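Note: the block below is entry-v4.pdb and it holds PDB, C-alpha atoms.
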ATOM      1  CA  MET I   2     -48.834  20.985 -32.180
ATOM      2  CA  LYS I   3     -47.181  23.612 -30.063
ATOM      3  CA  SER I   4     -43.407  23.246 -30.160
ATOM      4  CA  GLN I   5     -41.719  22.691 -26.837
ATOM      5  CA  LYS I   6     -38.969  25.014 -25.720
ATOM      6  CA  PRO I   7     -35.757  23.046 -25.036
ATOM      7  CA  VAL I   8     -34.864  22.771 -21.386
ATOM      8  CA  GLU I   9     -31.676  24.665 -20.565
ATOM      9  CA  LEU I  10     -29.450  23.077 -17.943
ATOM     10  CA  PRO I  11     -27.738  25.345 -15.471
ATOM     11  CA  ALA I  12     -24.006  25.748 -16.034
ATOM     12  CA  SER I  13     -23.182  23.693 -12.957
ATOM     13  CA  MET I  14     -25.203  20.677 -14.060
ATOM     14  CA  PRO I  15     -22.893  17.785 -14.913
ATOM     15  CA  VAL I  16     -23.236  16.158 -18.253
ATOM     16  CA  ALA I  17     -24.817  12.726 -17.893
ATOM     17  CA  GLN I  18     -22.124  10.053 -18.035
ATOM     18  CA  PRO I  19     -23.372   6.612 -19.030
ATOM     19  CA  ASP I  20     -20.088   4.822 -18.309
ATOM     20  CA  TYR I  21     -18.861   6.199 -15.007
ATOM     21  CA  GLN I  22     -19.675   8.039 -11.794
ATOM     22  CA  LEU I  23     -17.641  10.755 -10.120
ATOM     23  CA  THR I  24     -16.992  11.181  -6.421
ATOM     24  CA  GLY I  25     -14.872  13.472  -4.276
ATOM     25  CA  LEU I  26     -15.202  16.550  -6.477
ATOM     26  CA  GLN I  27     -17.949  19.123  -7.031
ATOM     27  CA  LEU I  28     -19.936  18.123 -10.089
ATOM     28  CA  SER I  29     -20.131  20.499 -13.027
ATOM     29  CA  ASP I  30     -19.615  20.372 -16.764
ATOM     30  CA  TYR I  31     -15.939  21.303 -16.350
ATOM     31  CA  MET I  32     -13.966  19.290 -13.760
ATOM     32  CA  PRO I  33     -10.250  19.627 -14.449
ATOM     33  CA  ILE I  34      -7.528  17.531 -12.892
ATOM     34  CA  VAL I  35      -3.896  17.077 -13.905
ATOM     35  CA  PHE I  36      -2.436  13.592 -14.025
ATOM     36  CA  ASP I  37       0.633  12.112 -15.650
ATOM     37  CA  GLY I  38       1.481  15.201 -17.666
ATOM     38  CA  ARG I  39      -2.008  15.941 -18.963
ATOM     39  CA  GLU I  40      -5.089  17.869 -17.961
ATOM     40  CA  TYR I  41      -8.361  15.936 -18.053
ATOM     41  CA  ASN I  42     -11.924  17.206 -17.819
ATOM     42  CA  LEU I  43     -13.520  14.474 -15.727
ATOM     43  CA  ALA I  44     -16.997  15.629 -16.754
ATOM     44  CA  LYS I  45     -16.346  14.655 -20.368
ATOM     45  CA  LEU I  46     -13.901  11.775 -20.555
ATOM     46  CA  THR I  47     -13.473   9.912 -23.779
ATOM     47  CA  PRO I  48     -13.656   6.101 -23.550
ATOM     48  CA  ALA I  49      -9.882   5.925 -23.959
ATOM     49  CA  GLU I  50      -9.328   8.486 -21.185
ATOM     50  CA  LEU I  51     -11.758   6.626 -18.927
ATOM     51  CA  ASP I  52      -9.991   3.321 -19.518
ATOM     52  CA  TYR I  53      -6.613   4.898 -18.823
ATOM     53  CA  LEU I  54      -7.554   6.805 -15.654
ATOM     54  CA  SER I  55      -9.518   3.857 -14.267
ATOM     55  CA  GLN I  56      -6.258   1.931 -14.053
ATOM     56  CA  TYR I  57      -5.137   4.269 -11.256
ATOM     57  CA  PRO I  58      -7.831   4.231  -8.539
ATOM     58  CA  ASN I  59      -5.396   5.369  -5.855
ATOM     59  CA  GLN I  60      -3.836   8.180  -7.877
ATOM     60  CA  VAL I  61      -7.129   9.305  -9.464
ATOM     61  CA  PRO I  62      -9.694   8.449  -6.773
ATOM     62  CA  TYR I  63     -12.658  10.224  -8.346
ATOM     63  CA  ILE I  64     -13.874   7.733 -10.944
ATOM     64  CA  GLN I  65     -16.124   4.746 -10.485
ATOM     65  CA  LYS I  66     -16.626   2.853 -13.693
ATOM     66  CA  LYS I  67     -20.131   1.457 -14.045
ATOM     67  CA  ASP I  68     -20.431  -2.203 -14.839
ATOM     68  CA  ALA I  69     -22.694  -3.376 -17.627
ATOM     69  CA  SER I  70     -25.706  -3.852 -15.327
ATOM     70  CA  GLN I  71     -25.552  -0.154 -14.304
ATOM     71  CA  THR I  72     -25.203   1.220 -17.804
ATOM     72  CA  SER I  73     -28.405   2.571 -19.297
ATOM     73  CA  VAL I  74     -29.482   1.219 -22.658
TER      74      VAL I  74
ATOM     75  CA  MET Y   6      16.091   1.086   8.453
ATOM     76  CA  ALA Y   7      18.436  -0.867   6.214
ATOM     77  CA  LEU Y   8      19.330   0.886   2.989
ATOM     78  CA  ASP Y   9      19.510  -0.950  -0.314
ATOM     79  CA  TYR Y  10      20.827   1.279  -3.059
ATOM     80  CA  PRO Y  11      19.765   0.768  -6.676
ATOM     81  CA  ASP Y  12      22.282   0.693  -9.513
ATOM     82  CA  LEU Y  13      22.389   3.883 -11.563
ATOM     83  CA  VAL Y  14      22.567   2.497 -15.076
ATOM     84  CA  GLY Y  15      22.496   5.783 -16.992
ATOM     85  CA  PRO Y  16      20.314   7.031 -19.841
ATOM     86  CA  ASP Y  17      19.078   4.784 -22.630
ATOM     87  CA  GLY Y  18      18.451   7.630 -25.033
ATOM     88  CA  THR Y  19      14.710   7.964 -24.454
ATOM     89  CA  GLU Y  20      14.749  10.307 -21.466
ATOM     90  CA  VAL Y  21      13.662  13.936 -21.557
ATOM     91  CA  ASN Y  22      16.076  15.867 -19.416
ATOM     92  CA  MET Y  23      15.184  19.365 -20.584
ATOM     93  CA  GLY Y  24      16.054  21.942 -17.941
ATOM     94  CA  GLY Y  25      13.764  24.320 -16.111
ATOM     95  CA  THR Y  26      10.092  23.810 -15.384
ATOM     96  CA  SER Y  27       6.967  23.796 -17.507
ATOM     97  CA  GLN Y  28       5.005  27.018 -17.773
ATOM     98  CA  THR Y  29       2.477  25.960 -15.127
ATOM     99  CA  CYS Y  30       2.722  25.271 -11.422
ATOM    100  CA  TYR Y  31       0.066  24.319  -8.879
ATOM    101  CA  PHE Y  32      -0.406  25.448  -5.297
ATOM    102  CA  ALA Y  33      -2.796  25.148  -2.382
ATOM    103  CA  ARG Y  34      -3.078  26.660   1.072
ATOM    104  CA  VAL Y  35      -2.199  24.252   3.858
ATOM    105  CA  ASP Y  36      -5.393  25.254   5.702
ATOM    106  CA  GLU Y  37      -7.457  24.040   2.740
ATOM    107  CA  ILE Y  38      -5.990  20.528   2.554
ATOM    108  CA  ASN Y  39      -8.007  17.743   4.142
ATOM    109  CA  THR Y  40      -5.567  14.851   3.707
ATOM    110  CA  TYR Y  41      -2.051  14.939   2.320
ATOM    111  CA  SER Y  42      -0.471  12.899  -0.414
ATOM    112  CA  ALA Y  43       1.296   9.716   0.619
ATOM    113  CA  PRO Y  44       3.210   6.833  -0.884
ATOM    114  CA  ALA Y  45       1.441   3.532  -1.476
ATOM    115  CA  ALA Y  46       1.041   1.109   1.434
ATOM    116  CA  ALA Y  47       3.974  -1.037   0.308
ATOM    117  CA  PRO Y  48       5.707   1.288  -2.103
ATOM    118  CA  ALA Y  49       8.340   0.379  -4.619
ATOM    119  CA  ASN Y  50       9.736   3.835  -3.867
ATOM    120  CA  GLN Y  51       8.738   5.610  -0.667
ATOM    121  CA  TYR Y  52       9.537   8.993  -2.173
ATOM    122  CA  VAL Y  53       6.891   8.721  -4.910
ATOM    123  CA  MET Y  54       3.509   9.984  -3.733
ATOM    124  CA  THR Y  55       0.759   7.907  -5.326
ATOM    125  CA  THR Y  56      -2.133   8.870  -3.048
ATOM    126  CA  ALA Y  57      -3.697  12.148  -4.120
ATOM    127  CA  PHE Y  58      -4.244  15.239  -2.000
ATOM    128  CA  ALA Y  59      -7.850  15.599  -0.802
ATOM    129  CA  MET Y  60      -9.133  19.116  -0.256
ATOM    130  CA  LYS Y  61     -11.620  20.562   2.196
ATOM    131  CA  THR Y  62     -15.116  21.460   0.995
ATOM    132  CA  GLY Y  63     -15.074  24.058  -1.744
ATOM    133  CA  LYS Y  64     -11.270  24.090  -1.969
ATOM    134  CA  LYS Y  65      -8.882  23.044  -4.724
ATOM    135  CA  PHE Y  66      -5.364  23.478  -6.049
ATOM    136  CA  HIS Y  67      -4.745  26.684  -8.001
ATOM    137  CA  LYS Y  68      -2.840  27.080 -11.245
ATOM    138  CA  GLY Y  69       0.007  29.497 -11.712
ATOM    139  CA  TYR Y  70       1.296  30.703 -15.082
ATOM    140  CA  ILE Y  71       5.064  30.956 -15.522
ATOM    141  CA  THR Y  72       6.784  33.111 -18.126
ATOM    142  CA  GLN Y  73       8.818  30.938 -20.462
ATOM    143  CA  ASP Y  74      12.371  30.203 -19.342
ATOM    144  CA  THR Y  75      11.931  31.693 -15.862
ATOM    145  CA  GLY Y  76      10.896  28.617 -13.867
ATOM    146  CA  GLU Y  77      13.735  27.115 -11.847
ATOM    147  CA  LEU Y  78      13.738  24.621  -8.976
ATOM    148  CA  GLU Y  79      16.710  23.693  -6.848
ATOM    149  CA  PHE Y  80      17.015  21.419  -3.845
ATOM    150  CA  GLY Y  81      20.049  22.716  -2.028
ATOM    151  CA  ASP Y  82      22.039  20.980   0.662
ATOM    152  CA  ASN Y  83      20.871  21.878   4.162
ATOM    153  CA  GLY Y  84      22.266  21.154   7.596
ATOM    154  CA  GLU Y  85      25.458  19.706   8.985
ATOM    155  CA  ILE Y  86      26.986  16.222   8.806
ATOM    156  CA  ASP Y  87      24.587  13.694  10.387
ATOM    157  CA  GLY Y  88      21.798  16.228  10.112
ATOM    158  CA  LYS Y  89      21.397  16.587   6.345
ATOM    159  CA  SER Y  90      18.191  17.632   4.608
ATOM    160  CA  TYR Y  91      17.193  19.907   1.719
ATOM    161  CA  LYS Y  92      16.241  23.507   1.265
ATOM    162  CA  ALA Y  93      14.085  23.780  -1.847
ATOM    163  CA  ILE Y  94      13.873  27.060  -3.745
ATOM    164  CA  PHE Y  95      11.471  27.464  -6.656
ATOM    165  CA  LYS Y  96      11.592  30.722  -8.626
ATOM    166  CA  PHE Y  97       9.392  31.916 -11.436
ATOM    167  CA  PHE Y  98       8.288  35.134 -13.088
ATOM    168  CA  TYR Y  99       4.680  36.206 -13.543
ATOM    169  CA  PRO Y 100       4.278  39.057 -16.015
ATOM    170  CA  GLY Y 101       2.395  42.299 -15.556
ATOM    171  CA  PHE Y 102       0.749  44.182 -12.743
ATOM    172  CA  GLY Y 103      -2.743  42.720 -12.905
ATOM    173  CA  ASP Y 104      -5.103  42.878  -9.963
ATOM    174  CA  ASP Y 105      -5.082  39.090  -9.468
ATOM    175  CA  ALA Y 106      -1.289  38.935  -9.193
ATOM    176  CA  LEU Y 107      -1.304  42.011  -6.970
ATOM    177  CA  GLN Y 108      -3.775  40.365  -4.613
ATOM    178  CA  LEU Y 109      -1.925  37.037  -4.598
ATOM    179  CA  ALA Y 110       1.459  38.628  -3.884
ATOM    180  CA  ASN Y 111       0.037  40.626  -0.999
ATOM    181  CA  ASP Y 112      -2.063  37.828   0.486
ATOM    182  CA  ILE Y 113       0.443  34.993   0.153
ATOM    183  CA  LYS Y 114       3.467  36.518   1.863
ATOM    184  CA  ASN Y 115       2.680  35.184   5.353
ATOM    185  CA  ASP Y 116       0.700  32.117   4.340
ATOM    186  CA  LYS Y 117       1.736  28.450   4.356
ATOM    187  CA  LEU Y 118       1.369  26.441   1.185
ATOM    188  CA  ILE Y 119       2.057  23.266  -0.740
ATOM    189  CA  PHE Y 120       3.451  23.685  -4.269
ATOM    190  CA  ILE Y 121       3.547  21.162  -7.088
ATOM    191  CA  VAL Y 122       6.139  21.986  -9.724
ATOM    192  CA  GLU Y 123       5.700  20.551 -13.211
ATOM    193  CA  LEU Y 124       8.804  19.570 -15.173
ATOM    194  CA  PRO Y 125       9.012  19.839 -18.977
ATOM    195  CA  ASP Y 126       8.019  16.179 -19.470
ATOM    196  CA  GLY Y 127       5.011  16.463 -17.137
ATOM    197  CA  LYS Y 128       6.571  14.843 -14.081
ATOM    198  CA  LEU Y 129       5.582  16.592 -10.865
ATOM    199  CA  ILE Y 130       7.666  17.470  -7.828
ATOM    200  CA  GLN Y 131       5.963  18.189  -4.518
ATOM    201  CA  LEU Y 132       7.252  21.012  -2.339
ATOM    202  CA  GLY Y 133       6.140  20.846   1.261
ATOM    203  CA  SER Y 134       4.362  18.151   3.210
ATOM    204  CA  ALA Y 135       2.109  17.692   6.218
ATOM    205  CA  ARG Y 136       5.049  18.610   8.450
ATOM    206  CA  PHE Y 137       6.956  21.226   6.427
ATOM    207  CA  PHE Y 138       5.223  24.030   4.548
ATOM    208  CA  CYS Y 139       6.272  26.406   1.779
ATOM    209  CA  SER Y 140       6.525  30.157   2.195
ATOM    210  CA  VAL Y 141       6.324  32.523  -0.771
ATOM    211  CA  LYS Y 142       7.820  35.897  -1.608
ATOM    212  CA  GLY Y 143       6.192  37.838  -4.427
ATOM    213  CA  ASN Y 144       8.587  40.636  -5.313
ATOM    214  CA  PHE Y 145       7.327  43.161  -7.845
ATOM    215  CA  LYS Y 146       9.864  44.650 -10.252
ATOM    216  CA  THR Y 147       9.446  47.203 -13.008
ATOM    217  CA  THR Y 148      12.890  46.302 -14.427
ATOM    218  CA  THR Y 149      14.235  48.871 -16.884
ATOM    219  CA  THR Y 150      12.631  50.149 -20.061
ATOM    220  CA  SER Y 151      14.886  47.907 -22.157
ATOM    221  CA  GLY Y 152      14.533  44.995 -19.708
ATOM    222  CA  ARG Y 153      12.151  42.041 -19.489
ATOM    223  CA  GLY Y 154       9.193  44.123 -18.432
ATOM    224  CA  ARG Y 155       7.283  44.536 -15.204
ATOM    225  CA  GLY Y 156       6.027  41.626 -13.213
ATOM    226  CA  PHE Y 157       6.300  39.566 -10.066
ATOM    227  CA  GLU Y 158       9.303  37.438  -9.242
ATOM    228  CA  PHE Y 159       7.896  34.710  -7.037
ATOM    229  CA  GLU Y 160      10.236  32.728  -4.812
ATOM    230  CA  VAL Y 161       8.971  29.650  -2.969
ATOM    231  CA  GLN Y 162      11.056  28.242  -0.125
ATOM    232  CA  CYS Y 163      10.735  25.079   1.906
ATOM    233  CA  PHE Y 164      12.887  22.933   4.149
ATOM    234  CA  VAL Y 165      12.248  19.244   3.499
ATOM    235  CA  PRO Y 166      13.794  16.010   4.705
ATOM    236  CA  TYR Y 167      13.226  14.329   1.320
ATOM    237  CA  ILE Y 168      12.623  15.097  -2.345
ATOM    238  CA  TYR Y 169       9.145  13.862  -3.277
ATOM    239  CA  ARG Y 170       7.770  13.082  -6.737
ATOM    240  CA  TYR Y 171       4.004  13.577  -6.903
ATOM    241  CA  ALA Y 172       2.477  10.863  -9.076
ATOM    242  CA  ALA Y 173      -1.233  11.349  -8.381
ATOM    243  CA  ALA Y 174      -3.942  13.683  -9.659
ATOM    244  CA  VAL Y 175      -3.793  17.397  -8.915
ATOM    245  CA  PRO Y 176      -7.383  18.375  -8.019
ATOM    246  CA  LEU Y 177      -8.102  21.589  -9.924
ATOM    247  CA  THR Y 178     -11.792  21.021  -9.171
ATOM    248  CA  ALA Y 179     -13.150  21.922  -5.732
ATOM    249  CA  ALA Y 180     -14.047  19.218  -3.246
ATOM    250  CA  PRO Y 181     -17.777  18.791  -2.422
TER     251      PRO Y 181
END
Please, can you express the file's structure as structure tokens?
Amino acid sequence: MKSQKPVELPASMPVAQPDYQLTGLQLSDYMPIVFDGREYNLAKLTPAELDYLSQYPNQVPYIQKKDASQTSV
Amino acid sequence: MALDYPDLVGPDGTEVNMGGTSQTCYFARVDEINTYSAPAAAPANQYVMTTAFAMKTGKKFHKGYITQDTGELEFGDNGEIDGKSYKAIFKFFYPGFGDDALQLANDIKNDKLIFIVELPDGKLIQLGSARFFCSVKGNFKTTTTSGRGRGFEFEVQCFVPYIYRYAAAVPLTAAP
């Protein structure tokens, strides 16, 4: 069978995030913000970072956490 | 408005009161801001900004590098009795004579900006607001051969009625 060439995403394509959606900022694979003494890349948040930033919807108004029904399996 | 002063109970030994600023500051052109930071609707402290700046399409806050031990912010007394406010002055040194610094120093001298100054523990102080803007001088100095070395001494100035702490996200990513 002929091997398939892997599809290359353009640099601006955001990494798929199963746990959250981003609004209010241009999507890419590097989306820096500074909050509470740290820089975060919103395109690649760890679960701990997501939990922390989600506590501050007014201060960090870019993150919408998906509920369980929206999360792909 | 009735004033209700808090007690000042002093340090408990856990504070970080290191002087100066961190080695990074943030700035944006006033013309590129869509909505300004604000305190919460019913704030515990009206001088703490917990609503983030929102930028116009394609715009964001910029980062500025600061040579170690050159960042200094002072809110000086301004005005006469019954008319008191602050004059904020933020100074920092940017090393070298690179094309980016050359362009910034030339372009920024008549512009109006908002600055966010980062303290050593990560707390942020906002300079400027929707009503009062910062102006910037970018003075280039060669210094002497045995001196610090060439670079730009930036000086940010702003008159403000209050000192504001910025406690929201700094958008270093452009708005859609």
Open item on the list: Which residue is closest to Arg153 of chain Y? Choose from Y:Asp9, Y:Glu20, Y:Asp87, Y:Asp74 and count only C-alpha atoms.
Closed with: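 For Arg153 of chain Y, the nearest of the candidates is Y:Asp74.
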TODO: Output as a PyMOL selection string the set of chain Y residues within 7 Å of chain I, with distances taken over only C-alpha atoms.
DONE: chain Y and resi 55-57+126-128+172-181
I need the residues from that last selection saved to file as an mmCIF file, keeping the file's coordinate frame (with C-alpha atoms), if you can.
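The resulting selection.cif:
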data_model
loop_
_atom_site.group_PDB
_atom_site.id
_atom_site.type_symbol
_atom_site.label_atom_id
_atom_site.label_comp_id
_atom_site.auth_asym_id
_atom_site.auth_seq_id
_atom_site.Cartn_x
_atom_site.Cartn_y
_atom_site.Cartn_z
ATOM 1 C CA THR Y 55 0.759 7.907 -5.326
ATOM 2 C CA THR Y 56 -2.133 8.870 -3.048
ATOM 3 C CA ALA Y 57 -3.697 12.148 -4.120
ATOM 4 C CA ASP Y 126 8.019 16.179 -19.470
ATOM 5 C CA GLY Y 127 5.011 16.463 -17.137
ATOM 6 C CA LYS Y 128 6.571 14.843 -14.081
ATOM 7 C CA ALA Y 172 2.477 10.863 -9.076
ATOM 8 C CA ALA Y 173 -1.233 11.349 -8.381
ATOM 9 C CA ALA Y 174 -3.942 13.683 -9.659
ATOM 10 C CA VAL Y 175 -3.793 17.397 -8.915
ATOM 11 C CA PRO Y 176 -7.383 18.375 -8.019
ATOM 12 C CA LEU Y 177 -8.102 21.589 -9.924
ATOM 13 C CA THR Y 178 -11.792 21.021 -9.171
ATOM 14 C CA ALA Y 179 -13.150 21.922 -5.732
ATOM 15 C CA ALA Y 180 -14.047 19.218 -3.246
ATOM 16 C CA PRO Y 181 -17.777 18.791 -2.422
#
Give me the residues near segment 41-48 of chain Y as a compact mmCIF listing (two decimals) with C-alpha atoms, in the coordinates of the input, where near means some atom within 9 Å (using only C-alpha atoms) and where sequence neighbours in that chain fewer than 2 positions away do not count.
# COMPACT_ATOMS: atom_id res chain seq x y z
CA ASN I 59 -5.40 5.37 -5.86
CA ILE Y 38 -5.99 20.53 2.55
CA ASN Y 39 -8.01 17.74 4.14
CA ASN Y 50 9.74 3.84 -3.87
CA GLN Y 51 8.74 5.61 -0.67
CA TYR Y 52 9.54 8.99 -2.17
CA VAL Y 53 6.89 8.72 -4.91
CA MET Y 54 3.51 9.98 -3.73
CA THR Y 55 0.76 7.91 -5.33
CA THR Y 56 -2.13 8.87 -3.05
CA ALA Y 57 -3.70 12.15 -4.12
CA PHE Y 58 -4.24 15.24 -2.00
CA ALA Y 59 -7.85 15.60 -0.80
CA MET Y 60 -9.13 19.12 -0.26
CA SER Y 134 4.36 18.15 3.21
CA ALA Y 135 2.11 17.69 6.22
CA TYR Y 171 4.00 13.58 -6.90
CA ALA Y 173 -1.23 11.35 -8.38
Task: Interatomic distance (Å, one decimal) between atom CA of Gln22 of chain I and atom CA of Lys61 of chain Y - done: 20.4 Å
- [ ] Carefully work through the PyMOL selection byres ((chain Y and resi 136) around 10) for this structure and note down the residues it includes, as a PyMOL selection string.
- [x] chain Y and resi 133-135+137-138+164-166
Can I get segment 54-64 of chain Y with all heavy atoms filled in, as a short mmCIF file (atom, residue, chain, number, x, y, z; two decimals), in the frame of the given file?
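Listing of result.cif after writing:
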data_model
loop_
_atom_site.label_atom_id
_atom_site.label_comp_id
_atom_site.auth_asym_id
_atom_site.auth_seq_id
_atom_site.Cartn_x
_atom_site.Cartn_y
_atom_site.Cartn_z
N MET Y 54 4.83 9.83 -4.35
CA MET Y 54 3.51 9.98 -3.73
C MET Y 54 2.43 9.54 -4.71
O MET Y 54 2.21 10.21 -5.73
CB MET Y 54 3.27 11.45 -3.34
CG MET Y 54 4.30 11.99 -2.38
SD MET Y 54 4.06 11.26 -0.77
CE MET Y 54 5.73 11.18 -0.20
N THR Y 55 1.77 8.43 -4.41
CA THR Y 55 0.76 7.91 -5.33
C THR Y 55 -0.66 8.02 -4.78
O THR Y 55 -1.60 7.59 -5.43
CB THR Y 55 1.06 6.43 -5.65
OG1 THR Y 55 1.20 5.71 -4.43
CG2 THR Y 55 2.33 6.29 -6.47
N THR Y 56 -0.80 8.57 -3.57
CA THR Y 56 -2.13 8.87 -3.05
C THR Y 56 -2.34 10.37 -3.17
O THR Y 56 -1.51 11.17 -2.71
CB THR Y 56 -2.26 8.44 -1.57
OG1 THR Y 56 -2.04 7.03 -1.50
CG2 THR Y 56 -3.63 8.77 -1.02
N ALA Y 57 -3.46 10.74 -3.77
CA ALA Y 57 -3.70 12.15 -4.12
C ALA Y 57 -4.06 13.00 -2.90
O ALA Y 57 -4.60 12.49 -1.91
CB ALA Y 57 -4.82 12.24 -5.14
N PHE Y 58 -3.75 14.29 -2.99
CA PHE Y 58 -4.24 15.24 -2.00
C PHE Y 58 -5.77 15.25 -2.04
O PHE Y 58 -6.38 15.17 -3.12
CB PHE Y 58 -3.77 16.66 -2.33
CG PHE Y 58 -2.34 16.94 -1.98
CD1 PHE Y 58 -1.34 16.86 -2.94
CD2 PHE Y 58 -1.98 17.30 -0.69
CE1 PHE Y 58 -0.02 17.12 -2.62
CE2 PHE Y 58 -0.67 17.56 -0.35
CZ PHE Y 58 0.32 17.48 -1.32
N ALA Y 59 -6.40 15.38 -0.88
CA ALA Y 59 -7.85 15.60 -0.80
C ALA Y 59 -8.08 16.95 -0.13
O ALA Y 59 -7.48 17.23 0.92
CB ALA Y 59 -8.52 14.48 -0.01
N MET Y 60 -8.93 17.75 -0.73
CA MET Y 60 -9.13 19.12 -0.26
C MET Y 60 -10.38 19.22 0.61
O MET Y 60 -11.28 18.39 0.56
CB MET Y 60 -9.25 20.06 -1.46
CG MET Y 60 -8.11 19.94 -2.46
SD MET Y 60 -6.49 20.25 -1.73
CE MET Y 60 -6.61 21.99 -1.37
N LYS Y 61 -10.42 20.29 1.40
CA LYS Y 61 -11.62 20.56 2.20
C LYS Y 61 -12.73 21.08 1.28
O LYS Y 61 -12.48 21.48 0.14
CB LYS Y 61 -11.30 21.59 3.28
CG LYS Y 61 -10.35 21.03 4.34
CD LYS Y 61 -10.06 22.06 5.42
CE LYS Y 61 -9.11 21.47 6.47
NZ LYS Y 61 -8.67 22.48 7.47
N THR Y 62 -13.95 21.08 1.80
CA THR Y 62 -15.12 21.46 1.00
C THR Y 62 -14.93 22.81 0.32
O THR Y 62 -14.58 23.80 0.97
CB THR Y 62 -16.36 21.51 1.89
OG1 THR Y 62 -16.58 20.20 2.42
CG2 THR Y 62 -17.58 21.95 1.11
N GLY Y 63 -15.15 22.82 -0.98
CA GLY Y 63 -15.07 24.06 -1.74
C GLY Y 63 -13.67 24.49 -2.11
O GLY Y 63 -13.48 25.53 -2.76
N LYS Y 64 -12.67 23.70 -1.74
CA LYS Y 64 -11.27 24.09 -1.97
C LYS Y 64 -10.62 23.22 -3.03
O LYS Y 64 -11.00 22.07 -3.23
CB LYS Y 64 -10.48 24.02 -0.67
CG LYS Y 64 -11.08 24.83 0.47
CD LYS Y 64 -11.24 26.29 0.09
CE LYS Y 64 -11.82 27.11 1.24
NZ LYS Y 64 -12.11 28.50 0.83
#
